[in-house]
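Trainee: Just data34.txt, nothing more (compact mmCIF, C-alpha atoms):
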# COMPACT_ATOMS: atom_id res chain seq x y z
CA MET A 17 -159.46 38.75 83.87
CA SER A 18 -158.69 36.18 86.53
CA LYS A 19 -155.93 33.81 85.47
CA LYS A 20 -157.64 30.76 86.90
CA PRO A 21 -161.18 29.53 87.54
CA PHE A 22 -162.73 30.26 90.89
CA HIS A 23 -164.81 28.10 93.17
CA LEU A 24 -168.61 28.11 93.33
CA GLY A 25 -170.91 26.99 96.10
CA TRP A 26 -174.53 27.64 96.98
CA PHE A 27 -175.73 28.88 100.36
CA THR A 28 -179.23 27.61 101.10
CA ASN A 29 -181.19 25.84 103.83
CA PHE A 30 -183.80 23.12 104.23
CA ALA A 31 -186.56 25.72 104.38
CA VAL A 32 -189.62 26.89 102.46
CA ASP A 33 -189.21 27.29 98.71
CA GLU A 34 -191.10 29.81 96.57
CA TRP A 35 -194.83 29.39 97.23
CA SER A 36 -196.56 32.74 96.73
CA GLY A 37 -195.27 34.03 93.40
CA ALA A 38 -196.75 33.74 89.94
CA PHE A 39 -194.44 30.83 89.02
CA ASN A 40 -194.36 28.84 92.24
CA GLY A 41 -194.90 25.36 90.82
CA GLY A 42 -196.92 24.32 93.86
CA GLY A 43 -194.08 25.22 96.20
CA GLY A 44 -194.11 25.77 99.96
CA ASP A 45 -194.06 22.10 100.95
CA PRO A 46 -190.51 20.86 100.23
CA TRP A 47 -190.18 18.62 103.27
CA ASP A 48 -189.63 15.32 101.46
CA GLY A 49 -186.39 16.81 100.08
CA GLY A 50 -187.29 16.35 96.43
CA PHE A 51 -186.99 20.04 95.56
CA TYR A 52 -183.47 20.22 96.98
CA ILE A 53 -182.41 16.97 95.35
CA ASP A 54 -183.43 18.45 91.99
CA MET A 55 -181.52 21.62 92.88
CA ALA A 56 -178.40 19.64 93.77
CA LYS A 57 -178.57 17.71 90.48
CA ALA A 58 -178.75 20.99 88.56
CA MET A 59 -175.75 22.27 90.53
CA GLU A 60 -173.80 19.11 89.79
CA ARG A 61 -174.44 19.52 86.07
CA ALA A 62 -173.02 23.02 86.45
CA CYS A 63 -169.99 21.64 88.38
CA PHE A 64 -170.42 23.55 91.64
CA ASP A 65 -168.01 22.67 94.44
CA TYR A 66 -170.70 22.24 97.08
CA ILE A 67 -174.20 22.93 98.30
CA MET A 68 -174.22 24.40 101.83
CA LEU A 69 -177.23 23.73 104.05
CA GLU A 70 -177.42 26.53 106.62
CA ASP A 71 -179.34 25.97 109.84
CA THR A 72 -180.48 27.66 113.05
CA LEU A 73 -182.12 26.14 116.10
CA MET A 74 -185.04 28.42 116.91
CA ILE A 75 -187.84 30.52 115.45
CA SER A 76 -186.68 34.07 115.90
CA GLU A 77 -188.46 36.76 117.90
CA ALA A 78 -185.71 39.34 117.37
CA TYR A 79 -187.79 41.72 115.22
CA GLY A 80 -190.51 43.39 117.28
CA GLY A 81 -190.21 40.87 120.09
CA SER A 82 -192.53 38.39 118.39
CA ASN A 83 -192.34 35.44 115.99
CA GLU A 84 -195.36 36.73 114.04
CA ILE A 85 -193.43 38.36 111.19
CA TYR A 86 -191.10 35.38 110.92
CA LEU A 87 -193.87 32.85 110.59
CA LYS A 88 -196.02 35.05 108.35
CA HIS A 89 -193.18 35.50 105.85
CA ASN A 90 -191.39 32.17 106.52
CA ILE A 91 -188.18 34.05 107.40
CA MET A 92 -185.45 31.80 108.80
CA GLY A 93 -188.12 29.21 109.53
CA PRO A 94 -189.66 26.79 109.48
CA LYS A 95 -186.54 24.74 108.80
CA ALA A 96 -185.96 21.00 108.76
CA ASP A 97 -182.90 19.16 110.05
CA PRO A 98 -180.15 19.33 107.42
CA SER A 99 -178.57 15.92 108.12
CA PRO A 100 -181.24 13.71 106.47
CA LEU A 101 -181.30 16.06 103.48
CA ALA A 102 -177.50 15.87 103.23
CA ALA A 103 -177.77 12.08 103.10
CA LEU A 104 -180.49 12.23 100.42
CA ILE A 105 -178.46 14.65 98.30
CA GLY A 106 -175.29 12.61 98.75
CA ALA A 107 -177.08 9.46 97.63
CA SER A 108 -178.63 11.25 94.64
CA THR A 109 -175.41 12.84 93.29
CA SER A 110 -171.93 11.56 92.54
CA ARG A 111 -169.57 14.56 92.43
CA LEU A 112 -171.14 17.53 94.21
CA GLY A 113 -169.94 18.35 97.74
CA VAL A 114 -172.62 18.41 100.45
CA VAL A 115 -172.13 20.64 103.52
CA ALA A 116 -174.45 20.62 106.52
CA THR A 117 -174.55 23.01 109.49
CA PHE A 118 -174.20 21.58 112.99
CA SER A 119 -173.78 23.69 116.12
CA THR A 120 -171.12 23.01 118.71
CA MET A 121 -173.69 24.15 121.28
CA ALA A 122 -176.27 21.54 120.31
CA TYR A 123 -174.40 18.29 119.62
CA PRO A 124 -172.26 16.32 122.06
CA PRO A 125 -168.87 16.00 120.30
CA PHE A 126 -169.04 12.19 120.07
CA MET A 127 -172.45 12.33 118.37
CA LEU A 128 -171.28 15.05 115.99
CA ALA A 129 -168.12 13.18 115.02
CA ARG A 130 -170.09 9.99 114.45
CA LEU A 131 -172.78 11.78 112.42
CA CYS A 132 -170.24 13.55 110.20
CA SER A 133 -168.29 10.34 109.64
CA THR A 134 -171.47 8.51 108.69
CA LEU A 135 -172.53 11.26 106.28
CA ASP A 136 -169.08 11.34 104.70
CA SER A 137 -169.43 7.62 104.02
CA VAL A 138 -172.95 8.04 102.61
CA CYS A 139 -171.64 10.89 100.41
CA LYS A 140 -168.56 8.85 99.41
CA GLY A 141 -166.09 11.46 100.64
CA ARG A 142 -167.99 14.57 99.61
CA PHE A 143 -169.33 15.73 102.98
CA GLY A 144 -168.49 18.93 104.82
CA TRP A 145 -169.35 20.25 108.26
CA ASN A 146 -170.30 23.93 108.54
CA ILE A 147 -169.06 24.68 112.05
CA VAL A 148 -171.23 27.15 113.96
CA THR A 149 -171.35 28.08 117.63
CA SER A 150 -174.94 29.45 117.37
CA GLY A 151 -175.53 33.16 117.80
CA GLU A 152 -179.07 33.41 119.18
CA ASN A 153 -180.14 33.38 122.80
CA LEU A 154 -183.42 31.68 121.86
CA ALA A 155 -181.40 28.77 120.48
CA ALA A 156 -179.48 28.57 123.75
CA GLU A 157 -182.77 28.46 125.67
CA ASN A 158 -183.93 25.55 123.51
CA PHE A 159 -180.98 23.56 124.86
CA GLY A 160 -181.49 24.39 128.52
CA LEU A 161 -179.18 27.41 128.76
CA ALA A 162 -180.24 30.78 130.16
CA GLU A 163 -178.31 32.57 127.40
CA LEU A 164 -175.38 32.15 125.05
CA PRO A 165 -171.87 32.29 126.45
CA PRO A 166 -169.92 35.39 125.32
CA ARG A 167 -168.48 35.17 121.80
CA GLN A 168 -164.88 34.73 123.01
CA GLU A 169 -165.85 31.77 125.16
CA ARG A 170 -168.00 30.24 122.42
CA TYR A 171 -164.97 30.18 120.13
CA ASP A 172 -162.71 28.87 122.90
CA MET A 173 -165.21 26.06 123.32
CA ALA A 174 -165.31 25.49 119.55
CA ASP A 175 -161.51 25.25 119.39
CA GLU A 176 -161.56 22.48 121.98
CA TYR A 177 -164.62 20.84 120.40
CA VAL A 178 -162.86 20.54 117.03
CA ARG A 179 -159.70 19.18 118.67
CA LEU A 180 -161.79 16.50 120.35
CA CYS A 181 -163.56 15.60 117.13
CA LEU A 182 -160.23 15.29 115.31
CA LYS A 183 -159.05 12.90 118.03
CA LEU A 184 -162.22 10.85 117.60
CA TRP A 185 -161.86 10.72 113.81
CA GLY A 186 -158.26 9.65 114.38
CA SER A 187 -159.21 6.91 116.84
CA TRP A 188 -159.37 4.47 113.92
CA ASP A 189 -156.40 4.13 111.60
CA ALA A 190 -157.35 4.53 107.95
CA ASP A 191 -156.54 0.85 107.33
CA ALA A 192 -158.17 -0.52 110.50
CA VAL A 193 -160.89 -2.35 108.54
CA VAL A 194 -159.05 -5.38 107.12
CA ARG A 195 -161.88 -7.82 106.26
CA ASP A 196 -159.47 -10.73 106.50
CA ARG A 197 -161.48 -13.81 105.54
CA ALA A 198 -158.72 -16.23 106.48
CA SER A 199 -158.70 -15.15 110.15
CA GLY A 200 -162.31 -14.01 110.26
CA THR A 201 -161.20 -10.52 111.27
CA TYR A 202 -163.25 -7.52 110.22
CA ALA A 203 -161.28 -4.77 112.00
CA ASP A 204 -157.78 -4.90 113.48
CA ALA A 205 -158.15 -4.01 117.18
CA SER A 206 -154.54 -2.79 117.32
CA LYS A 207 -155.53 0.03 114.98
CA VAL A 208 -158.52 1.26 117.03
CA ARG A 209 -157.92 3.00 120.33
CA PRO A 210 -159.52 5.13 123.04
CA ILE A 211 -158.55 8.80 123.09
CA HIS A 212 -159.10 9.67 126.78
CA PHE A 213 -159.65 13.33 125.92
CA GLU A 214 -160.18 15.68 128.85
CA GLY A 215 -160.34 19.41 128.23
CA LYS A 216 -161.73 22.46 129.94
CA TYR A 217 -165.19 22.07 128.38
CA PHE A 218 -165.42 18.54 126.97
CA LYS A 219 -164.42 15.02 127.88
CA SER A 220 -164.64 11.79 125.89
CA ARG A 221 -163.14 8.33 126.15
CA GLY A 222 -163.51 7.18 122.54
CA PRO A 223 -162.98 5.51 120.19
CA LEU A 224 -165.72 6.21 117.67
CA ASN A 225 -167.89 3.19 117.02
CA CYS A 226 -168.12 3.72 113.26
CA ALA A 227 -165.56 2.87 110.59
CA PRO A 228 -163.32 5.58 109.08
CA SER A 229 -164.93 7.61 106.31
CA PRO A 230 -163.36 8.26 102.89
CA GLN A 231 -161.96 11.68 103.86
CA GLY A 232 -160.98 10.67 107.39
CA ARG A 233 -162.68 13.85 108.53
CA PRO A 234 -165.25 16.03 106.76
CA ALA A 235 -164.26 19.20 104.99
CA PHE A 236 -164.50 22.10 107.46
CA VAL A 237 -166.56 25.13 106.47
CA GLN A 238 -166.92 28.15 108.74
CA ALA A 239 -168.27 31.71 108.67
CA GLY A 240 -165.84 33.90 110.60
CA GLY A 241 -166.85 37.57 110.68
CA SER A 242 -165.60 39.04 113.95
CA PRO A 243 -161.84 39.10 114.64
CA ARG A 244 -162.21 36.06 116.93
CA GLY A 245 -164.34 34.30 114.34
CA ARG A 246 -161.79 35.01 111.62
CA GLN A 247 -159.06 33.57 113.80
CA PHE A 248 -161.04 30.38 114.35
CA ALA A 249 -161.76 30.09 110.63
CA ALA A 250 -158.15 30.79 109.65
CA GLU A 251 -156.90 28.05 111.97
CA THR A 252 -159.59 25.50 111.13
CA ALA A 253 -161.54 25.91 107.89
CA ASP A 254 -161.06 24.44 104.43
CA SER A 255 -163.61 26.94 103.10
CA ILE A 256 -164.86 30.16 104.65
CA ILE A 257 -168.30 31.73 104.13
CA ALA A 258 -167.86 35.49 103.97
CA PRO A 259 -170.43 38.29 103.64
CA SER A 260 -170.19 40.53 100.59
CA MET A 261 -169.39 44.23 100.68
CA GLY A 262 -167.39 46.57 98.45
CA VAL A 263 -164.43 45.12 96.58
CA ALA A 264 -161.94 46.79 98.95
CA GLY A 265 -163.73 45.15 101.89
CA LEU A 266 -163.65 41.73 100.21
CA LYS A 267 -159.92 42.02 99.58
CA ALA A 268 -159.24 43.23 103.12
CA TYR A 269 -161.22 40.31 104.55
CA ARG A 270 -159.43 37.69 102.46
CA ASP A 271 -156.00 39.20 103.07
CA ASP A 272 -156.67 39.25 106.82
CA VAL A 273 -157.78 35.60 106.94
CA ARG A 274 -154.79 34.50 104.85
CA ALA A 275 -152.39 36.40 107.11
CA ARG A 276 -153.92 34.79 110.18
CA ALA A 277 -153.64 31.35 108.55
CA ALA A 278 -149.99 31.87 107.70
CA ALA A 279 -149.27 33.06 111.25
CA ALA A 280 -150.91 29.86 112.53
CA GLY A 281 -148.62 27.74 110.37
CA ARG A 282 -151.13 26.92 107.64
CA ASN A 283 -150.77 27.32 103.89
CA PRO A 284 -153.23 30.15 103.07
CA ASP A 285 -153.90 28.56 99.68
CA ASP A 286 -155.54 25.63 101.48
CA ILE A 287 -158.38 27.93 102.58
CA LYS A 288 -161.01 28.96 100.04
CA VAL A 289 -162.86 32.16 100.97
CA LEU A 290 -166.24 32.24 99.22
CA PHE A 291 -168.24 35.48 99.28
CA VAL A 292 -172.04 35.29 99.47
CA VAL A 293 -173.73 36.93 96.46
CA ALA A 294 -177.21 36.96 94.95
CA PRO A 295 -177.09 37.80 91.24
CA ILE A 296 -180.32 38.94 89.61
CA LEU A 297 -180.38 37.89 85.97
CA GLY A 298 -182.47 38.77 82.94
CA GLU A 299 -182.37 38.20 79.20
CA THR A 300 -181.58 41.90 78.96
CA GLU A 301 -180.16 44.34 81.47
CA LYS A 302 -183.55 46.07 81.56
CA ASP A 303 -185.26 42.77 82.44
CA ALA A 304 -182.86 42.21 85.33
CA TRP A 305 -183.31 45.72 86.76
CA GLU A 306 -187.07 45.36 86.55
CA LYS A 307 -186.81 42.14 88.58
CA ALA A 308 -184.69 43.90 91.20
CA GLU A 309 -187.07 46.82 91.39
CA ARG A 310 -190.05 44.52 91.87
CA ILE A 311 -188.29 43.01 94.88
CA ARG A 312 -187.35 46.40 96.38
CA SER A 313 -190.74 48.02 95.77
CA ALA A 314 -192.78 45.22 97.37
CA PRO A 315 -194.83 46.70 100.25
CA ASP A 316 -193.33 44.29 102.77
CA TYR A 317 -189.72 44.42 101.50
CA CYS A 318 -188.24 46.54 104.30
CA GLU A 319 -190.13 44.65 107.00
CA LYS A 320 -188.95 41.28 105.68
CA ALA A 321 -185.38 42.45 105.11
CA LEU A 322 -185.01 43.97 108.56
CA ALA A 323 -186.62 40.96 110.22
CA MET A 324 -184.05 38.76 108.49
CA ILE A 325 -181.16 40.96 109.58
CA SER A 326 -182.58 41.07 113.10
CA SER A 327 -182.64 37.28 113.22
CA ILE A 328 -179.00 37.02 112.12
CA THR A 329 -177.73 39.67 114.52
CA ASP A 330 -180.16 39.30 117.46
CA ILE A 331 -180.82 43.06 117.25
CA ASP A 332 -184.36 44.48 116.91
CA PHE A 333 -184.15 46.74 113.86
CA SER A 334 -187.82 47.71 114.19
CA LYS A 335 -186.64 50.25 116.79
CA PHE A 336 -184.57 52.33 114.37
CA ASP A 337 -185.58 55.13 111.99
CA LEU A 338 -185.42 53.93 108.40
CA ASP A 339 -184.30 57.36 107.21
CA ALA A 340 -181.48 57.91 109.68
CA GLU A 341 -178.02 56.43 110.11
CA LEU A 342 -177.64 53.52 112.46
CA PRO A 343 -175.87 54.15 115.76
CA LYS A 344 -172.78 52.05 116.32
CA LEU A 345 -173.99 48.61 117.44
CA THR A 346 -172.39 45.48 118.81
CA THR A 347 -173.90 42.05 119.30
CA ASN A 348 -173.18 38.71 120.89
CA GLY A 349 -174.72 37.28 117.70
CA GLU A 350 -173.13 37.53 114.24
CA GLN A 351 -170.98 40.65 114.56
CA GLY A 352 -169.35 40.16 111.15
CA SER A 353 -172.70 40.08 109.39
CA LEU A 354 -173.77 43.18 111.32
CA ASP A 355 -170.61 45.06 110.32
CA ALA A 356 -170.98 44.09 106.66
CA PHE A 357 -174.61 45.23 106.62
CA ALA A 358 -174.15 48.49 108.56
CA GLN A 359 -171.15 49.87 106.62
CA TRP A 360 -170.16 52.00 109.60
CA GLY A 361 -169.13 55.51 108.64
CA SER A 362 -170.68 55.40 105.16
CA GLY A 363 -173.38 57.94 106.04
CA LYS A 364 -176.07 55.70 104.57
CA THR A 365 -179.50 55.52 106.13
CA LEU A 366 -181.03 52.26 107.31
CA ARG A 367 -183.37 52.35 104.31
CA GLN A 368 -180.44 52.71 101.90
CA LEU A 369 -178.57 49.87 103.57
CA THR A 370 -181.64 47.67 103.34
CA MET A 371 -182.20 48.43 99.65
CA GLU A 372 -178.59 47.48 98.87
CA GLN A 373 -179.13 44.01 100.31
CA VAL A 374 -181.18 42.76 97.34
CA SER A 375 -178.04 41.30 95.75
CA ARG A 376 -176.32 40.86 99.14
CA GLY A 377 -174.13 43.94 99.21
CA LEU A 378 -171.88 43.66 96.11
CA ASP A 379 -172.67 46.02 93.24
CA GLY A 380 -172.77 45.04 89.59
CA LEU A 381 -174.67 41.79 89.99
CA ILE A 382 -177.88 42.84 88.25
CA GLY A 383 -177.83 42.22 84.51
CA THR A 384 -177.53 39.57 81.85
CA PRO A 385 -175.56 36.39 82.57
CA ASP A 386 -172.66 37.71 80.52
CA GLN A 387 -172.63 41.07 82.33
CA VAL A 388 -172.72 39.47 85.76
CA ALA A 389 -170.09 36.87 84.81
CA GLU A 390 -167.82 39.67 83.63
CA ARG A 391 -168.32 41.52 86.90
CA LEU A 392 -167.62 38.45 89.03
CA GLY A 393 -164.40 37.89 87.09
CA GLU A 394 -163.33 41.49 87.65
CA VAL A 395 -164.05 41.20 91.37
CA MET A 396 -162.04 38.01 91.72
CA GLU A 397 -159.12 39.56 89.84
CA GLN A 398 -159.07 42.51 92.24
CA VAL A 399 -159.66 40.44 95.38
CA GLY A 400 -157.24 37.65 94.44
CA GLY A 401 -159.66 34.68 94.83
CA ASP A 402 -161.23 32.34 95.81
CA GLY A 403 -164.84 32.33 94.67
CA PHE A 404 -168.49 32.90 95.49
CA LEU A 405 -171.42 31.33 97.29
CA ILE A 406 -174.62 31.90 95.38
CA THR A 407 -177.75 32.55 97.40
CA ARG A 408 -181.23 33.85 96.67
CA PRO A 409 -181.92 37.59 96.38
CA PHE A 410 -182.80 39.15 99.73
CA THR A 411 -186.38 38.43 100.93
CA VAL A 412 -187.06 36.11 97.95
CA ASN A 413 -187.65 32.37 98.42
CA ILE A 414 -185.58 29.99 96.33
CA SER A 415 -187.35 28.88 93.16
CA ARG A 416 -186.73 26.49 90.30
CA GLN A 417 -186.66 29.50 88.01
CA TYR A 418 -183.80 31.10 89.96
CA ILE A 419 -181.87 27.82 90.06
CA HIS A 420 -182.26 27.63 86.27
CA ASP A 421 -181.09 31.23 85.84
CA ILE A 422 -177.88 30.46 87.73
CA CYS A 423 -177.10 26.95 86.53
CA GLU A 424 -178.15 27.40 82.89
CA GLY A 425 -177.35 31.10 82.49
CA LEU A 426 -174.66 32.47 84.78
CA VAL A 427 -172.45 29.40 85.15
CA PRO A 428 -172.17 28.74 81.39
CA ALA A 429 -171.22 32.42 80.96
CA LEU A 430 -168.48 31.93 83.57
CA GLN A 431 -167.35 28.71 81.91
CA ARG A 432 -167.03 30.43 78.53
CA ARG A 433 -164.59 32.84 80.18
CA GLY A 434 -162.59 30.08 81.84
CA LEU A 435 -163.76 31.25 85.26
CA ALA A 436 -165.63 28.11 86.38
CA ARG A 437 -164.81 24.44 86.07
CA THR A 438 -166.47 22.46 83.30
CA SER A 439 -165.87 19.03 84.83
CA TYR A 440 -164.91 17.40 88.10
CA THR A 441 -161.45 15.90 88.34
CA LYS A 442 -161.28 15.02 92.04
CA THR A 443 -163.09 12.50 94.20
CA THR A 444 -163.48 14.10 97.63
CA LEU A 445 -164.73 17.55 98.61
CA ARG A 446 -161.44 18.53 100.24
CA GLU A 447 -159.59 17.59 97.04
CA THR A 448 -162.09 19.57 94.95
CA LEU A 449 -161.57 22.65 97.10
CA ARG A 450 -157.79 22.41 96.65
CA GLU A 451 -157.91 21.69 92.93
CA PHE A 452 -157.04 25.33 92.14
Please re-express this file's structure in structure tokens.

Mentor:
Amino acid sequence: MSKKPFHLGWFTNFAVDEWSGAFNGGGGDPWDGGFYIDMAKAMERACFDYIMLEDTLMISEAYGGSNEIYLKHNIMGPKADPSPLAALIGASTSRLGVVATFSTMAYPPFMLARLCSTLDSVCKGRFGWNIVTSGENLAAENFGLAELPPRQERYDMADEYVRLCLKLWGSWDADAVVRDRASGTYADASKVRPIHFEGKYFKSRGPLNCAPSPQGRPAFVQAGGSPRGRQFAAETADSIIAPSMGVAGLKAYRDDVRARAAAAGRNPDDIKVLFVVAPILGETEKDAWEKAERIRSAPDYCEKALAMISSITDIDFSKFDLDAELPKLTTNGEQGSLDAFAQWGSGKTLRQLTMEQVSRGLDGLIGTPDQVAERLGEVMEQVGGDGFLITRPFTVNISRQYIHDICEGLVPALQRRGLARTSYTKTTLRETLREF
């Protein structure tokens, strides 16, 4: 068994909760944030590292060339802006990290740096920025572009964007706010300076016009799947969101990122790679498998699953035969997610690949809390670390029942094995991520 506890986060979004099932609790209208505040409080009781609010900037038309399926099944939309929800969650919790997704395509760097600094202050040092470049042409069109730049250039732009933001966050010294009553001085002007940044893509005078936040900068979270994305994550991130696959694939991914980090002069232990998983739990193993089978056997399962994958990859999977292997595909969208889904060379049909996505690609996660906890511990021991990001089973909306299953079932089973923290000992999110 793993010799140390591993980290836990939750991958979700400010989107529609469960509204059509037998136990929906009047769901489908979560836009005041109350549902997600309750979720965050349950996560804090379970001592999760952070809640991660994913976001995209369009309603997809990738599957079948229409938004009909997406709106019918509320797939990847509608979504609300994650920043107000991050503030609400931060104000309603005291220890849980709060990570929000902001695209380098959509925000001017000054506005992004100011927003993140403000949210880190609201969250008292527990805020993180999930750095995305956006991977959908429809999102680019929403911001006046004809299409996305190529992936290589998007990451080159993101490298410069982050450098600029770091300069802006550094434009105030940590002790610039003096509040000296004797001289009537709030901030020492000698400790606040312009940055005069001028790069290939971005330019900013600075300084920021908000006071330094508790962390100085937010924790950086990033999902690097392609080789270029992994390089960006290895050089930048405090925590990496990684898709799940077989154990050998998980280990290879983590080893690769750590090697890239070391080559870039970073301590690999400062980067926590969290693999996205969707456990399906029951009081008995039979109960859990029956839940999984109900998801897989739903008449619209394949349609919903493929529409979701199409949205992530910007590839129309309605064009492919469900009972044949996929041809080799590339995308200017999320190549890493495509590779993890497709399992090139496995000989599996598209239908088989889709069915495996119920628990997000890692086997052994359907069972009782104790069975799944045991499996997660085995996986971490073989992979070497660093933890998991819980998310909902594929095609299923998040529900209070599922939150309860994880926070009151799985996490206590992990804690009994010494695999999850039982209390918080650090103040900021970056400190929490580096605790072990």

Trainee: Just how far from atom CA of Asp355 of chain A is atom CA of Phe248 of chain A, in Å to one decimal?

Mentor: 18.0 Å

Trainee: May I ask which of the residues A:Thr252, A:Met396, A:Phe64, A:Phe336 is the closest one to Arg282 of chain A, counting all atoms listed in the file?

Mentor: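 When distances to Arg282 of chain A are compared using all atoms listed in the file, the smallest one comes from A:Thr252.
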
Trainee: What separation in Å, quoted to one decimal, exists between atom CA of Ser260 of chain A and atom CA of Pro21 of chain A?

Mentor: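 About the pair atom CA of Ser260 of chain A and atom CA of Pro21 of chain A: they are 19.3 Å apart.
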
Trainee: Considering all atoms listed in the file, return as a compact mmCIF listing (two decimals) with C-alpha atoms, in the coordinates of the input whatever protein or nucleic-acid residues lie within 6 Å of segment 357-372 of chain A, sequence-local ones (same chain, fewer than 5 positions apart) excluded.

Mentor:
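Here's the written file around-v8.txt:
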# COMPACT_ATOMS: atom_id res chain seq x y z
CA LEU A 338 -185.42 53.93 108.40
CA ASP A 339 -184.30 57.36 107.21
CA ALA A 340 -181.48 57.91 109.68
CA GLU A 341 -178.02 56.43 110.11
CA GLY A 377 -174.13 43.94 99.21

Trainee: Quick one: contact table of segment 38-60 of chain A to segment 99-103 of chain A, 12 Å max, nearest atom pair and distance in Å to one decimal per residue, counting only C-alpha atoms, chain and number order, as CSV?

Mentor:
residue,atom,partner,partner_atom,distance
A:Pro46,CA,A:Leu101,CA,10.9
A:Trp47,CA,A:Leu101,CA,9.2
A:Asp48,CA,A:Leu101,CA,8.6
A:Gly49,CA,A:Leu101,CA,6.2
A:Gly50,CA,A:Leu101,CA,9.3
A:Phe51,CA,A:Leu101,CA,10.5
A:Tyr52,CA,A:Leu101,CA,8.0
A:Ile53,CA,A:Leu101,CA,8.3
A:Asp54,CA,A:Leu101,CA,11.9
A:Met55,CA,A:Leu101,CA,12.0
A:Ala56,CA,A:Ala102,CA,10.2

Trainee: List as a Markdown table every residue of segment 42-159 of chain A that is in contact with segment 170-185 of chain A, defined as an atom at most 9 Å from one of its atoms (using all atoms listed in the file), together with the nearest atom pair and the distance in Å rounded to one decimal, sorted by chain and then rising number.

Mentor:
| residue | atom | partner | partner_atom | distance |
| --- | --- | --- | --- | --- |
| A:Thr120 | CA | A:Ala174 | CA | 6.4 |
| A:Met121 | CA | A:Arg170 | CA | 8.4 |
| A:Pro125 | CA | A:Cys181 | CA | 6.2 |
| A:Phe126 | CA | A:Cys181 | CA | 7.1 |
| A:Leu128 | CA | A:Cys181 | CA | 7.8 |
| A:Ala129 | CA | A:Cys181 | CA | 5.6 |
| A:Arg130 | CA | A:Trp185 | CA | 8.3 |
| A:Ser133 | CA | A:Trp185 | CA | 7.7 |
| A:Ile147 | CA | A:Ala174 | CA | 8.4 |
| A:Val148 | CA | A:Ala174 | CA | 8.3 |
| A:Thr149 | CA | A:Arg170 | CA | 6.2 |
| A:Ser150 | CA | A:Arg170 | CA | 8.6 |

Trainee: Would you mind reading off the distance between atom CA of Gln351 of chain A and atom CA of Ile256 of chain A, one decimal, in Å?

Mentor: 15.7 Å

Trainee: For segment 443-450 of chain A, find every residue with an atom within 12 Å (counting all atoms listed in the file), except residues of its own chain fewer than 4 positions away, and show them as an NGL selection string.

Mentor: :A and (21-25 or 63-67 or 106 or 110-115 or 136-137 or 139-145 or 229-237 or 253-256 or 283-290 or 402-403 or 437 or 439)
